[in-house]
Every structure is written in C-alpha cells, then in structure tokens.
Amino acid sequence: MEFKLNRFDEEDVARYVSGLSNSAILAAERRAYLVYGVADDTHEIVGTSVDLKAKKIGNEVFEHWLTRSLDPHLNLEFVTIDCDGKRVELIAIDPAFQRPVRFKKEAFIRIDSVLKPLTDYPERERLLWLATASASFEDGIAIHHATPEEIFEYLAVGELLSLLGSRALKPVAMIEQLAKLGLIRDNMQGRFDVTNLFALLAAKNLSKIPSVATKAPRVIEYKRTKKVDAVGDVTGQLGYAIGFSRLLQHVMTRMPHEEVMVDGVRQNRFPIPDIAARELIANALIHQDFTQPGAPVVEVFKDKIQITNPGIPLIDTMRFIDAPSKSRNEKLSGIMRRIGLCEQRGSGIDRALEAIEREALPAPLFREVEGSTVVAVFRPGSFAEMDQEARIRACYQHACLRYESNDYMTNASFRLRLGLRDKQYPQASIVIRDTIDQGLIRPLTEDQANRNAKYVPWYA
C-alpha cells in the first residue's frame with residue numbers, strides 16, 4: 001500500500017502503480033493499493049481533494065491514459081469511498097502476468113516504503129521474472145470480497161456445475177464445489193474472491209466484470225468478401241462455457257445454409273462443417289493471450305469465415321497439425337475439455353481439417369498477423385477456382401494428416417481429398433511436384449516408382 005494526501009502527478013502515479021504491482025506479485029498478494037486521503041505516518045483518514053475519475057491528461061481520461069501507459073496492461077479499479085464525510089480515493093492494482101510492469105520502458109519496485117528502479121536490484125528483478133512466469137491470468141481475481149449472493153448474481157453457477165457433471169445442489173454445496181475446483185477462494189474475511197477463470201467460464205454478463213469486460217467474443221458479418229458493408233456486429237455477453245453453443249449457433253446461422261432430410265429428420269446443411277467451426281472457435285477462445293488487448297473475433301464473409309485471437313501462436317503455424325499441444329491457459333483449457341468443448345491433447349486442429357477434407361473444401365489458412373493468430377476457413381470451391389498457393393497448402397496439410405494417421409499421401413489419396421476424378425491424376429501430380437519444390441513435402445524414398453509413389457511432410 002502507498003498512502004498519499006492531495007499531491008497528484010500522473011507520471012508519479014504511473015511509477016507507483018508499476019512498483020506496487022511488481023511488489024504485490026513478489027509478496028504473493030492478490031492486489032496492491034494506491035490510496036489518497038490517508039496520512040502516511042499515522043494512517044489516519046483525513047480525506048483528499050483528488051478526484052481520480054475526473055482527472056484528464058490532455059483530452060484523455062486519466063484512467064485510460066494510465067492503463068495505456070503501462071506495459072503489460074493491468075486490471076485497475078478506481079474507487080471512491082466516503083468515510084464519515086471524508087473523501088478517500090484509491091486505485092486497486094492487480095499483479096502483472098507474463099513480465100514485470102513498466103512505465104516508459106522502466107520497471108519499479110518498493111523497497112520497504114521507498115519506490116526504486118527495479119534495475120538497481122538485480123536479485124529482485126530475477127525473482128520477479130520467475131514469479132511472473134509462473135503467474136497466470138486465470139488465477140487473477142475478477143471479483144474481490146464477494147458474498148455467496150453476489151457470486152450467484154454475477155455468475156451462472158448452476159449451469160456451469162451442470163456442464164461439469166454435478167447433480168442439482170443446494171447453494172451451500174455449490175459454493176463448496178466451486179472452492180474445490182479453485183474457481184473461488186475463501187478470503188478469510190467471511191467472503192470469497194472470484195477468479196478470472198470462473199468469470200471467463202460462467203459470467204452472466206462479461207461486460208459487468210472489469211477484468212474480463214474486454215474478453216467477450218465478437219461476431220461480425222459482411223455482405224461481400226472484404227471488410228466493407230458490415231451487416232451485423234454482435235459482442236457476446238455470456239462466459240465461454242455457458243455461452244459457447246449459442247456462439248457457435250450464431251456463427252453458423254450467419255452463413256447461407258439449406259435444410260435437408262437425414263434419416264427422416266430435417267437438418268441444416270452448412271457450407272463449412274460445424275465441427276470445423278467448433279474446434280477452431282474453441283481454440284481461439286482457449287489459446288488467446290489475455291495480457292493483450294482485445295478478444296477473439298469471428299468474421300463471416302461471403303466466401304469464408306475468419307477467426308482472430310490476440311496473441312502470437314505458441315507453435316509455428318506450419319506445425320499446427322503435428323506439434324504437441326501447448327496452451328497459455330492450461331486451467332481454462334482443462335475445464336473446457338471436461339465440458340467437451342475442446343480437445344486438450346492437440347487433436348482439435350486435426351479434427352477440423354479432417355472434416356474439411358471430407359467435404360473437399362479449400363485448405364484453411366493459418367497466419368500470424370500483427371501479434372494475433374488468424375485462421376481463415378473457406379466455403380466450397382472447385383479445384384479450378386483454387387490458386388497455386390491454396391493447392392500447395394491443401395497438399396501439405398493432407399500429407400501431414402496422413403502421416404499423423406500412420407499413413408502416406410499418394411496421388412490417389414490427394415485426388416480424393418480435392419474431389420478430383422481418377423483421370424485427373426496429372427493435375428494432382430503437378431501440385432505434388434510444386435509442393436516438393438516448396439520444400440513442404442518429400443518422397444518417402446528417392447527410388448520409388450511413380451505409379452506407387454508415397455509422400456510425407458518435410459519434418460517426417
């Protein structure tokens with residue numbers, strides 16, 4: 001805690017927020033506080049003339065300026081308290097995740113009650129890097145000092161526990177179950193702290209919980225193939241677990257579809273397999289970098305859907321199919337897997353691609369774009385409509401999937417994947433040769449006959 005009276009300087013505040021946040025994580029505290037209106041020496045409540053929410057830096061609200069000026073961005077809560085007619089202002093500061101907090105490229109630390117540059121204390125800097133590396137956004141606190149009634153008000157407790165397989169429970173038993181799952185913590189003051197993980201999973205309205213307010217998925221629908229003429233823009237409210245099925249349904253119904261009869265039951269047929277959209281959207285939610293601004297966005301175009309999530313890929317995009325699963329958010333991934341909304345063992349991408357291949361759709365495109373991961377899934381298109389890049393991408397992904405299934409790509413298997421007829425083997429051969437020239441696949445053996453040639457990915 002840092003106590004102040006009436007002296008306000010925006011850069012001084014930013015340095016103190018850096019130092020307090022860094023000190024909090026070293027001390028294993030859930031929050032730090034910068035308080036105006038309390039005497040530093042006696043801790044007497046004397047009040048302050050400072051009004052933090054009214055402060056502006058130029059034309060920018062001070063709260064926004066402060067959040068923007070810190071790296072990484074922090075969850076900050078500005079609170080005004082009336083103590084018997086005396087005004088007290090405070091900033092509640094969450095610890096950092098990923099790395100020490102810096103202001104103007106410099107990190108600070110509290111040494112006793114004095115603010116110091118972190119670089120002056122290399123041992124503490126080393127410990128801080130270790131502490132931030134082991135911290136996670138999921139374990140941060142979304143709601144502090146909550147009563148059971150407030151937990152039920154803000155979070156769909158029963159719905160989440162039902163998804164996790166729990167029987168109908170009384171409220172007291174539900175609270176006990178949440179504590180066992182690590183979704184809430186007894187704060188030893190007769191109330192509970194609600195984790196960011198719980199809020200992400202089961203919030204009734206994400207926008208009402210500051211630490212996750214900007215993490216709600218967004219769906220934008222466009223009239224054509226480019227980002228013009230948006231005809232729909234919806235930001236979700238529900239937590240990921242309780243709202244996922246509705247999110248997926250909303251995305252799928254934005255695409256043109258037809259009704260068909262299957263075994264006497266009327267069903268919708270979509271141009272993109274729902275299992276592919278399901279796995280890729282779930283991946284975007286689970287693997288996003290919560291320390292980066294923004295949230296997953298699904299864009300529905302006339303010719304494709306594009307899914308973007310904050311954070312660079314943890315795996316090379318060319319190795320999405322074969323590389324072992326990695327996640328920034330292990331606890332979120334684990335619960336989403338328990339609910340059945342994702343595959344934790346790394347097979348989600350494989351399942352999506354297998355569904356796309358069964359429909360002979362163009363190969364999806366995985367990219368890293370300006371600190372984000374972007375996946376484009378294309379609607380049906382013939383071989384003739386694919387450009388060379390799309391054909392090579394399909395060939396490489398097909399070889400990867402076959403190899404991961406302990407099999408090999410052949411001209412015949414590739415023709416089937418593309419929806420080509422047997423007599424079109426020369427076209428398939430040209431694409432295979434182009435993919436070899438790109439260094440993406442290679443013959444299984446150098447002396448194999450063309451008639452029975454088999455191919456594997458470059459990494460095999």
# chains A, B, ... in the order shown; residues from 1 in each chain; ligands from 1
call {"tool": "residues_around", "arguments": {"residues": "Val13 (chain A)", "least_positions_apart": "6", "cutoff": "12 Å", "atoms": "only C-alpha atoms", "output": "short mmCIF file (atom, residue, chain, number, x, y, z; two decimals) with C-alpha atoms, in the first residue's frame"}}
result
data_model
loop_
_atom_site.label_atom_id
_atom_site.label_comp_id
_atom_site.auth_asym_id
_atom_site.auth_seq_id
_atom_site.Cartn_x
_atom_site.Cartn_y
_atom_site.Cartn_z
CA GLU A 2 1.04 3.56 -0.74
CA PHE A 3 -0.69 6.41 1.09
CA LYS A 4 -0.98 9.95 -0.28
CA ARG A 7 -0.42 15.79 -4.35
CA GLY A 19 6.20 -0.56 -8.30
CA LEU A 20 3.12 -1.66 -6.36
CA TYR A 33 -3.41 -0.26 -3.41
CA LEU A 34 -2.55 3.39 -4.02
CA VAL A 35 -4.67 5.38 -1.56
CA TYR A 36 -5.40 9.14 -1.44
CA LEU A 52 -9.09 10.38 -9.89
CA PHE A 62 -6.61 9.62 -16.72
CA GLU A 63 -7.76 6.03 -16.11
CA TRP A 65 -4.07 7.06 -20.05
CA LEU A 66 -2.70 5.12 -17.07
CA THR A 67 -3.78 1.74 -18.41
CA SER A 69 0.93 3.80 -20.43
CA LEU A 70 1.77 0.58 -18.57
CA LEU A 90 -7.91 4.51 -4.26
CA ILE A 91 -6.58 2.54 -7.19
CA ILE A 93 -3.95 -2.76 -8.72
CA PHE A 103 6.20 2.71 -17.29
CA PHE A 108 9.90 -0.05 -10.43
CA LEU A 115 9.99 3.43 -4.68
#
call {"tool": "closest_atom_pairs", "arguments": {"of": "region 270-367 of chain A", "to": "region 378-381 of chain A", "cutoff": "8 Å", "atoms": "only C-alpha atoms", "output": "JSON lines"}}
result
{"residue": "A:Pro271", "atom": "CA", "partner": "A:Arg379", "partner_atom": "CA", "distance": 5.7}
{"residue": "A:Ile272", "atom": "CA", "partner": "A:Arg379", "partner_atom": "CA", "distance": 6.0}
{"residue": "A:Asp303", "atom": "CA", "partner": "A:Arg379", "partner_atom": "CA", "distance": 5.5}
{"residue": "A:Lys304", "atom": "CA", "partner": "A:Phe378", "partner_atom": "CA", "distance": 4.2}
{"residue": "A:Ile305", "atom": "CA", "partner": "A:Phe378", "partner_atom": "CA", "distance": 6.6}
{"residue": "A:Ala360", "atom": "CA", "partner": "A:Pro380", "partner_atom": "CA", "distance": 7.7}
{"residue": "A:Leu361", "atom": "CA", "partner": "A:Pro380", "partner_atom": "CA", "distance": 5.1}
{"residue": "A:Pro362", "atom": "CA", "partner": "A:Phe378", "partner_atom": "CA", "distance": 6.0}
{"residue": "A:Ala363", "atom": "CA", "partner": "A:Phe378", "partner_atom": "CA", "distance": 7.3}
{"residue": "A:Pro364", "atom": "CA", "partner": "A:Phe378", "partner_atom": "CA", "distance": 6.4}
call {"tool": "closest_residue", "arguments": {"among": "A:Glu138, A:Leu178, A:Glu150, A:Glu11", "to": "Ser333 (chain A)", "atoms": "only C-alpha atoms"}}
result
A:Glu138
call {"tool": "select_by_dssp", "arguments": {"residues": "region 185-339 of chain A", "states": "alpha helix (DSSP H)", "output": "MDAnalysis selection string"}}
result
chainID A and resid 196:202 240:253 274:287 330:339
call {"tool": "residues_around", "arguments": {"residues": "Val228 (chain A)", "least_positions_apart": "4", "cutoff": "12 Å", "atoms": "only C-alpha atoms", "output": "MDAnalysis selection string"}}
result
chainID A and resid 220:224 232 299:302
call {"tool": "write_last_selection", "arguments": {"atoms": "C-alpha atoms", "output": "compact mmCIF listing (two decimals), in the first residue's frame"}}
result
# COMPACT_ATOMS: atom_id res chain seq x y z
CA ILE A 220 -19.09 -9.54 -37.47
CA GLU A 221 -20.99 -10.38 -40.64
CA TYR A 222 -20.10 -8.82 -44.00
CA LYS A 223 -22.17 -8.65 -47.16
CA ARG A 224 -19.26 -9.40 -49.50
CA GLY A 232 -24.12 -7.45 -38.42
CA GLU A 299 -15.78 -12.55 -39.19
CA VAL A 300 -18.27 -14.08 -41.61
CA PHE A 301 -17.64 -13.19 -45.25
CA LYS A 302 -19.38 -14.34 -48.40
call {"tool": "atom_distance", "arguments": {"atom1": "CA of Ile321 (chain A)", "atom2": "CA of Gly371 (chain A)"}}
result
20.8 Å
call {"tool": "atom_distance", "arguments": {"atom1": "CA of Ser325 (chain A)", "atom2": "CA of Leu416 (chain A)"}}
result
28.6 Å
call {"tool": "atom_distance", "arguments": {"atom1": "CA of Phe192 (chain A)", "atom2": "CA of Leu128 (chain A)"}}
result
26.8 Å
call {"tool": "residues_around", "arguments": {"residues": "region 43-51 of chain A", "least_positions_apart": "2", "cutoff": "7 Å", "atoms": "only C-alpha atoms", "output": "PDB file with N, CA and C atoms, in the first residue's frame"}}
result
ATOM      1  N   LEU A   5      -1.904  12.155   0.114  1.00  0.00           N
ATOM      2  CA  LEU A   5      -2.960  13.086   0.522  1.00  0.00           C
ATOM      3  C   LEU A   5      -3.530  13.812  -0.691  1.00  0.00           C
ATOM      4  N   ASN A   6      -2.911  14.947  -1.097  1.00  0.00           N
ATOM      5  CA  ASN A   6      -3.505  15.765  -2.156  1.00  0.00           C
ATOM      6  C   ASN A   6      -2.589  15.984  -3.357  1.00  0.00           C
ATOM      7  N   TYR A  36      -5.416   7.701  -1.727  1.00  0.00           N
ATOM      8  CA  TYR A  36      -5.403   9.138  -1.444  1.00  0.00           C
ATOM      9  C   TYR A  36      -6.381   9.423  -0.316  1.00  0.00           C
ATOM     10  N   GLY A  37      -5.906  10.205   0.681  1.00  0.00           N
ATOM     11  CA  GLY A  37      -6.793  10.601   1.773  1.00  0.00           C
ATOM     12  C   GLY A  37      -6.459   9.936   3.094  1.00  0.00           C
ATOM     13  N   VAL A  38      -5.316   9.238   3.164  1.00  0.00           N
ATOM     14  CA  VAL A  38      -4.870   8.590   4.397  1.00  0.00           C
ATOM     15  C   VAL A  38      -3.450   9.060   4.688  1.00  0.00           C
ATOM     16  N   ALA A  39      -3.214   9.528   5.902  1.00  0.00           N
ATOM     17  CA  ALA A  39      -1.891  10.023   6.280  1.00  0.00           C
ATOM     18  C   ALA A  39      -0.885   8.884   6.281  1.00  0.00           C
ATOM     19  N   ASP A  40       0.282   9.119   5.675  1.00  0.00           N
ATOM     20  CA  ASP A  40       1.280   8.066   5.517  1.00  0.00           C
ATOM     21  C   ASP A  40       1.869   7.626   6.850  1.00  0.00           C
ATOM     22  N   ASP A  41       2.079   8.562   7.775  1.00  0.00           N
ATOM     23  CA  ASP A  41       2.755   8.216   9.026  1.00  0.00           C
ATOM     24  C   ASP A  41       1.823   7.620  10.066  1.00  0.00           C
ATOM     25  N   LYS A  53     -11.202   9.907 -10.986  1.00  0.00           N
ATOM     26  CA  LYS A  53     -12.032   9.649 -12.167  1.00  0.00           C
ATOM     27  C   LYS A  53     -12.264  10.900 -13.000  1.00  0.00           C
ATOM     28  N   ALA A  54     -12.120  12.068 -12.387  1.00  0.00           N
ATOM     29  CA  ALA A  54     -12.331  13.317 -13.122  1.00  0.00           C
ATOM     30  C   ALA A  54     -11.061  13.817 -13.788  1.00  0.00           C
ATOM     31  N   LYS A  55      -9.917  13.235 -13.446  1.00  0.00           N
ATOM     32  CA  LYS A  55      -8.646  13.704 -13.993  1.00  0.00           C
ATOM     33  C   LYS A  55      -8.544  13.394 -15.491  1.00  0.00           C
ATOM     34  N   LYS A  86     -15.466  12.230   4.729  1.00  0.00           N
ATOM     35  CA  LYS A  86     -14.110  12.441   4.208  1.00  0.00           C
ATOM     36  C   LYS A  86     -13.925  11.585   2.958  1.00  0.00           C
ATOM     37  N   ARG A  87     -13.479  12.232   1.903  1.00  0.00           N
ATOM     38  CA  ARG A  87     -13.324  11.549   0.618  1.00  0.00           C
ATOM     39  C   ARG A  87     -12.006  10.774   0.585  1.00  0.00           C
ATOM     40  N   VAL A  88     -12.082   9.491   0.241  1.00  0.00           N
ATOM     41  CA  VAL A  88     -10.901   8.657   0.059  1.00  0.00           C
ATOM     42  C   VAL A  88     -10.948   8.095  -1.360  1.00  0.00           C
TER      43      VAL A  88
END
call {"tool": "closest_residue", "arguments": {"among": "A:Glu149, A:Glu77, A:Asp120, A:Asp139", "to": "Pro210 (chain A)", "atoms": "only C-alpha atoms"}}
result
A:Glu77
call {"tool": "decode", "arguments": {"residues": "region 149-203 of chain A", "atoms": "C-alpha atoms", "output": "mmCIF file, in the first residue's frame"}}
result
data_model
loop_
_atom_site.group_PDB
_atom_site.id
_atom_site.type_symbol
_atom_site.label_atom_id
_atom_site.label_comp_id
_atom_site.auth_asym_id
_atom_site.auth_seq_id
_atom_site.Cartn_x
_atom_site.Cartn_y
_atom_site.Cartn_z
ATOM 1 C CA GLU A 149 -25.355 -13.973 -3.086
ATOM 2 C CA GLU A 150 -23.123 -11.804 -5.279
ATOM 3 C CA ILE A 151 -21.498 -14.912 -6.772
ATOM 4 C CA PHE A 152 -24.899 -16.229 -7.824
ATOM 5 C CA GLU A 153 -25.873 -12.765 -9.095
ATOM 6 C CA TYR A 154 -22.920 -12.371 -11.452
ATOM 7 C CA LEU A 155 -22.188 -15.975 -12.424
ATOM 8 C CA ALA A 156 -24.261 -18.870 -13.778
ATOM 9 C CA VAL A 157 -23.135 -21.252 -11.040
ATOM 10 C CA GLY A 158 -25.711 -23.990 -11.520
ATOM 11 C CA GLU A 159 -25.324 -24.060 -15.302
ATOM 12 C CA LEU A 160 -21.539 -24.404 -15.108
ATOM 13 C CA LEU A 161 -21.635 -27.127 -12.468
ATOM 14 C CA SER A 162 -24.237 -28.983 -14.519
ATOM 15 C CA LEU A 163 -21.930 -28.855 -17.554
ATOM 16 C CA LEU A 164 -19.208 -30.310 -15.333
ATOM 17 C CA GLY A 165 -21.488 -33.206 -14.393
ATOM 18 C CA SER A 166 -22.607 -32.150 -10.920
ATOM 19 C CA ARG A 167 -26.099 -33.037 -9.756
ATOM 20 C CA ALA A 168 -28.519 -30.371 -8.572
ATOM 21 C CA LEU A 169 -27.000 -28.970 -5.396
ATOM 22 C CA LYS A 170 -28.095 -26.576 -2.690
ATOM 23 C CA PRO A 171 -26.360 -23.157 -2.721
ATOM 24 C CA VAL A 172 -24.034 -24.020 0.186
ATOM 25 C CA ALA A 173 -22.917 -27.210 -1.568
ATOM 26 C CA MET A 174 -22.407 -25.272 -4.817
ATOM 27 C CA ILE A 175 -20.079 -22.819 -3.055
ATOM 28 C CA GLU A 176 -18.122 -25.739 -1.606
ATOM 29 C CA GLN A 177 -17.837 -27.309 -5.060
ATOM 30 C CA LEU A 178 -16.604 -24.045 -6.595
ATOM 31 C CA ALA A 179 -13.934 -23.795 -3.894
ATOM 32 C CA LYS A 180 -12.790 -27.369 -4.570
ATOM 33 C CA LEU A 181 -12.482 -26.538 -8.263
ATOM 34 C CA GLY A 182 -10.358 -23.490 -7.413
ATOM 35 C CA LEU A 183 -12.850 -21.131 -9.057
ATOM 36 C CA ILE A 184 -13.358 -19.159 -5.846
ATOM 37 C CA ARG A 185 -11.122 -18.672 -2.803
ATOM 38 C CA ASP A 186 -12.047 -18.076 0.807
ATOM 39 C CA ASN A 187 -10.513 -14.678 1.622
ATOM 40 C CA MET A 188 -10.560 -15.422 5.383
ATOM 41 C CA GLN A 189 -12.869 -12.454 5.952
ATOM 42 C CA GLY A 190 -16.145 -14.301 5.626
ATOM 43 C CA ARG A 191 -16.336 -13.775 1.864
ATOM 44 C CA PHE A 192 -14.813 -15.085 -1.355
ATOM 45 C CA ASP A 193 -12.549 -13.931 -4.177
ATOM 46 C CA VAL A 194 -13.785 -14.963 -7.635
ATOM 47 C CA THR A 195 -11.054 -15.907 -10.119
ATOM 48 C CA ASN A 196 -10.787 -14.623 -13.669
ATOM 49 C CA LEU A 197 -11.119 -18.254 -14.773
ATOM 50 C CA PHE A 198 -14.562 -18.547 -13.180
ATOM 51 C CA ALA A 199 -15.649 -15.238 -14.697
ATOM 52 C CA LEU A 200 -14.466 -16.269 -18.164
ATOM 53 C CA LEU A 201 -16.337 -19.552 -17.934
ATOM 54 C CA ALA A 202 -19.640 -18.557 -16.369
ATOM 55 C CA ALA A 203 -20.223 -14.792 -16.328
#
